[in-house]
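S.K.: The structure that follows is given in the form of structure tokens.
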Amino acid sequence: METKRDLDILRHSCSHIMAQAVKELWPDVKLGIGPSIEDGFYYDFDKKEPFSDADLAKIEDKMRQIIAGNRPFIREEASKEEARKLFAQDNYKLELIDELPDDKATIYKTGNDFMDLCRGPHVASTGEIKAFKLLSVAGAYWRGNEKNAMLQRIYGTAFFSRGELDDYLRLLEESKKRDHRKLGAELEYFSIEEEMGAGLTFWHPKAGLLRKIIEDTWKDEHIKRGYQLVNTPHIGHAGLWKTSGHLEFYREYMFPAMIVENQEYVLKPMNCPGHILIYKSKTRSYRDLPFKLAELGTVYRYERSGVLHGLLRVRGFTQDDAHIFCRPEQLEEEIKKVLDLTFYLLEKFGFSQYDIYVSTKPQKYVGSDEHWQLATESLKNSLEARAVRWQEDPGEGVFYGPKIDVKIKDALGRAWQCTTIQVDFNLPERFKVGYIGEDGKEKQPIMVHRAILGSLERFLGVLLEHYAGDLPLWLAPKQAVIIPIKDTCLEYAKKTTDRLREAGLRVEIDDRRSTLDKKIREAELEKTPYILIVGEREAKTSKVSVRKRIKGDLGVKTVEEFIESVKEELG
RNA sequence: GCCGAUGUAGCUCAGUUGGCAGAGCAGCGCUUUCGUAAAGCGCGGGCCGGAGGUUCGAUUCCUCUCAUCGGCUCCA
């Protein structure tokens, strides 16, 4: 039985073969590193001329020759000194040799043709590679640091069999079809207009309606769970952001300040200071805690041009944000409640698989060690109490506190970071946030930032990809379309539309002058859940002919029966 | 921001070795009134992403710039 580790070894070996092929084709190329990754492998090369797509085909051919040669992978050891001589031409390898912990470098050779500094292990010989494909070329900084040289990275993948490789390539194709940018345009959900600016989203009518459904669901559930809904301004005095520390620590993500009547204003990149000002608008008592403010808060962040990506990374977005002010002893209970709300909402929207991470204290941090420990324990205990699987991300917490991140998995198993729950020791201190304790003395609450859907923009993108645009009935902006077969049935179709709307259904009538087949085709392509066809037969009997998306013709029902069945389906 | 690629009609894409810009779909008009995935005919539609430059002439060549795509770095 082949394990994930076997697959990693196979892929890493394949990256060696790729490096050998590149070296044979372009002897002057210098090698970086070539590890296996989640879905394949890469190797970084330092080469003056960029690789073209045609080059990839050439490299693949050369790799096939090497594989056909079935050369053994031979492991050798050398002292650092010896290794330095062997790799004297390769400055990147020399850097790696210098960093080796012992005076021992391992070198792998494929026959006598090629050698590489490498920890290994590898497959026994090149002939074991049965199925591989090179996928793309991209720039990548040496050692992932943007201050270093930019190398050229070639991505590829390899599998034990041709069949598995084909399955993977099919998955890639499927992902492309589900791309929210493609679906968003085709189904007319959203657009990003160059005239308005990069990373700024236009929600078209269908998305506007879908957003209302999401917002209502979200707001209702928050009110039920003791949150208070608020709204806060989008711009404000720079001084506020100085107090919060954003102008110091977050400036590179903020749009530049604007001057109005000699006063500096900035666009908010986060909602927290606003919520703090509401909290501080009067003296709070321990009896007011936990105090929970929630807002669908629109923020603007200057994201560097190269990182923008459809709806998943934009410059203006609305977070489903909330801040919980609580006493230290309430923290764990509150985290549990946030987790409950998270799982409730995500499942309601159709997500049931997650990867959960707890990020702990980083190198640079504020707050006392006791606070960090309390908060980190609270996060972990809450996850344990809810019996969910999680993993630790050591040192990856924010400087002001530890956090839980939830990455939801979509229908294709891809992970999306949406939910984040962050404990904050910093802002309460900076803003001198307080409450009067039972003993009459002023105390400082702990603050929790949390967003569950993440941002409405990103969530819309993830929803579209998860469902491949085929939204479940309760979310579908247009739940049904009524198609009159000819003009003589138009009156009945209109009457039926009114009746269905009165019953709360989102229905539209397609009274364009076009053929029935064409209207059905378009409604299907638009992924409308129900198509109701009405002709003279239906008009006479107060019925509709029901066609369900994908399933096809369900036969005739009375209008009232149809309303009943839909209500039942909606639950 | 960095490396590479790409911007032609609302969409998908041809095309011009520098000389009046093309198709399909969509749109509009007319005909067709149709029973479960594309009726027929016709008509419009373009600052060839933007700004400079070279040239008698630039959508085509050069420079800059903006946007998008694949990545790196970063992140809701």
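So you can find residues: chains in the structure tokens are A, B, ... in the order shown, residues in each start at 1, and ligands are numbered from 1 in order.
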Give me, as a PyMOL selection string, the residues of range 373-536 of chain A that a backbone DSSP run labels strand (DSSP E).
M.R.: chain A and resi 391-393+403-409+415-424+435-436+442-443+446-455+480-484+507-509+530-534
S.K.: Could you give me, as a VMD selection string, the residues within 7 Å of range 34-47 of chain A, counting only C-alpha atoms (C1' of nucleotides) and dropping anything in the same chain fewer than 3 positions from it?
M.R.: chain A and resid 8 11 to 12 15 19 29 to 31 50 151 to 158
S.K.: Would you mind exporting C-alpha atoms of the selected residues as a compact mmCIF listing (two decimals), in the first residue's frame?
M.R.:
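Writing done, so here's selection_29.txt:
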# COMPACT_ATOMS: atom_id res chain seq x y z
CA ASP A 8 6.21 12.63 -1.52
CA ARG A 11 7.39 13.55 -6.41
CA HIS A 12 10.62 14.74 -4.91
CA SER A 15 11.74 17.08 -9.24
CA ALA A 19 16.45 19.47 -12.45
CA VAL A 29 21.39 27.15 -14.93
CA LYS A 30 21.92 27.23 -11.17
CA LEU A 31 19.73 25.14 -8.92
CA PRO A 50 12.65 33.05 -18.81
CA LEU A 151 14.23 32.56 -9.28
CA GLN A 152 12.09 30.73 -11.80
CA ARG A 153 10.00 27.98 -10.33
CA ILE A 154 8.64 25.15 -12.43
CA TYR A 155 5.65 23.35 -10.94
CA GLY A 156 4.78 19.80 -11.81
CA THR A 157 3.04 16.81 -10.38
CA ALA A 158 3.55 13.07 -10.34
S.K.: Hey, what's within 10 Å of C66 in chain B if we count only C-alpha atoms (C1' of nucleotides) and toss same-chain stuff fewer than 3 positions away? As a PyMOL selection string, please?
M.R.: (chain A and resi 194+197-198) or (chain B and resi 49-50)
S.K.: Based on the selection just made, write C-alpha atoms (C1' of nucleotides) of those residues as an mmCIF file, in the first residue's frame.
M.R.:
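And here is the file that came out, result.cif:
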data_model
loop_
_atom_site.group_PDB
_atom_site.id
_atom_site.type_symbol
_atom_site.label_atom_id
_atom_site.label_comp_id
_atom_site.auth_asym_id
_atom_site.auth_seq_id
_atom_site.Cartn_x
_atom_site.Cartn_y
_atom_site.Cartn_z
ATOM 1 C CA GLU A 194 -11.372 48.998 -14.207
ATOM 2 C CA GLY A 197 -10.550 50.539 -9.499
ATOM 3 C CA ALA A 198 -8.850 47.249 -8.886
ATOM 4 C "C1'" G B 49 -6.697 48.643 -22.490
ATOM 5 C "C1'" G B 50 -4.494 54.014 -21.888
#
S.K.: Give the residues of chain B that lie within 9 Å of chain A; count only C-alpha atoms (C1' of nucleotides), and format the answer as a PyMOL selection string.
M.R.: chain B and resi 1-4+11+33-39+66-67+70-76
S.K.: CA of Val566 in chain A and CA of Leu471 in chain A are how many Å apart?
M.R.: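 Value for the CA of Val566 in chain A-CA of Leu471 in chain A distance: 15.1 Å.
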S.K.: When DSSP is applied to the backbone of this structure, which of range 355-566 of chain A are assigned helix (DSSP H, G or I)? Write them out as a PyMOL selection string.
M.R.: chain A and resi 369-385+426-430+456-466+487-502+516-525+536-541+559-566
S.K.: For Ile59 in chain A, list every protein, DNA or RNA residue within 8 Å, evaluated using only C-alpha atoms (C1' of nucleotides), and leave out those in the same chain fewer than 2 positions away; present the list as a count of residues only.
M.R.: 10
S.K.: Which residues are close to G46 in chain B, i.e. within 12 Å by only C-alpha atoms (C1' of nucleotides), leaving aside same-chain residues fewer than 5 positions away? Reply as a list of chain:residue names.
M.R.: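 Counting only C-alpha atoms (C1' of nucleotides), the residues come to B:U8, B:A9, B:G10, B:A21, B:G22, B:U59.
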S.K.: Pick out the residues sitting within 10 Å of Phe114 in chain A, and hand them over as JSON, numbers by chain; count only C-alpha atoms (C1' of nucleotides), and ignore anything fewer than 6 positions along from it in its own chain.
M.R.: {"A": [16, 17, 19, 20, 21, 23, 24, 73, 108]}
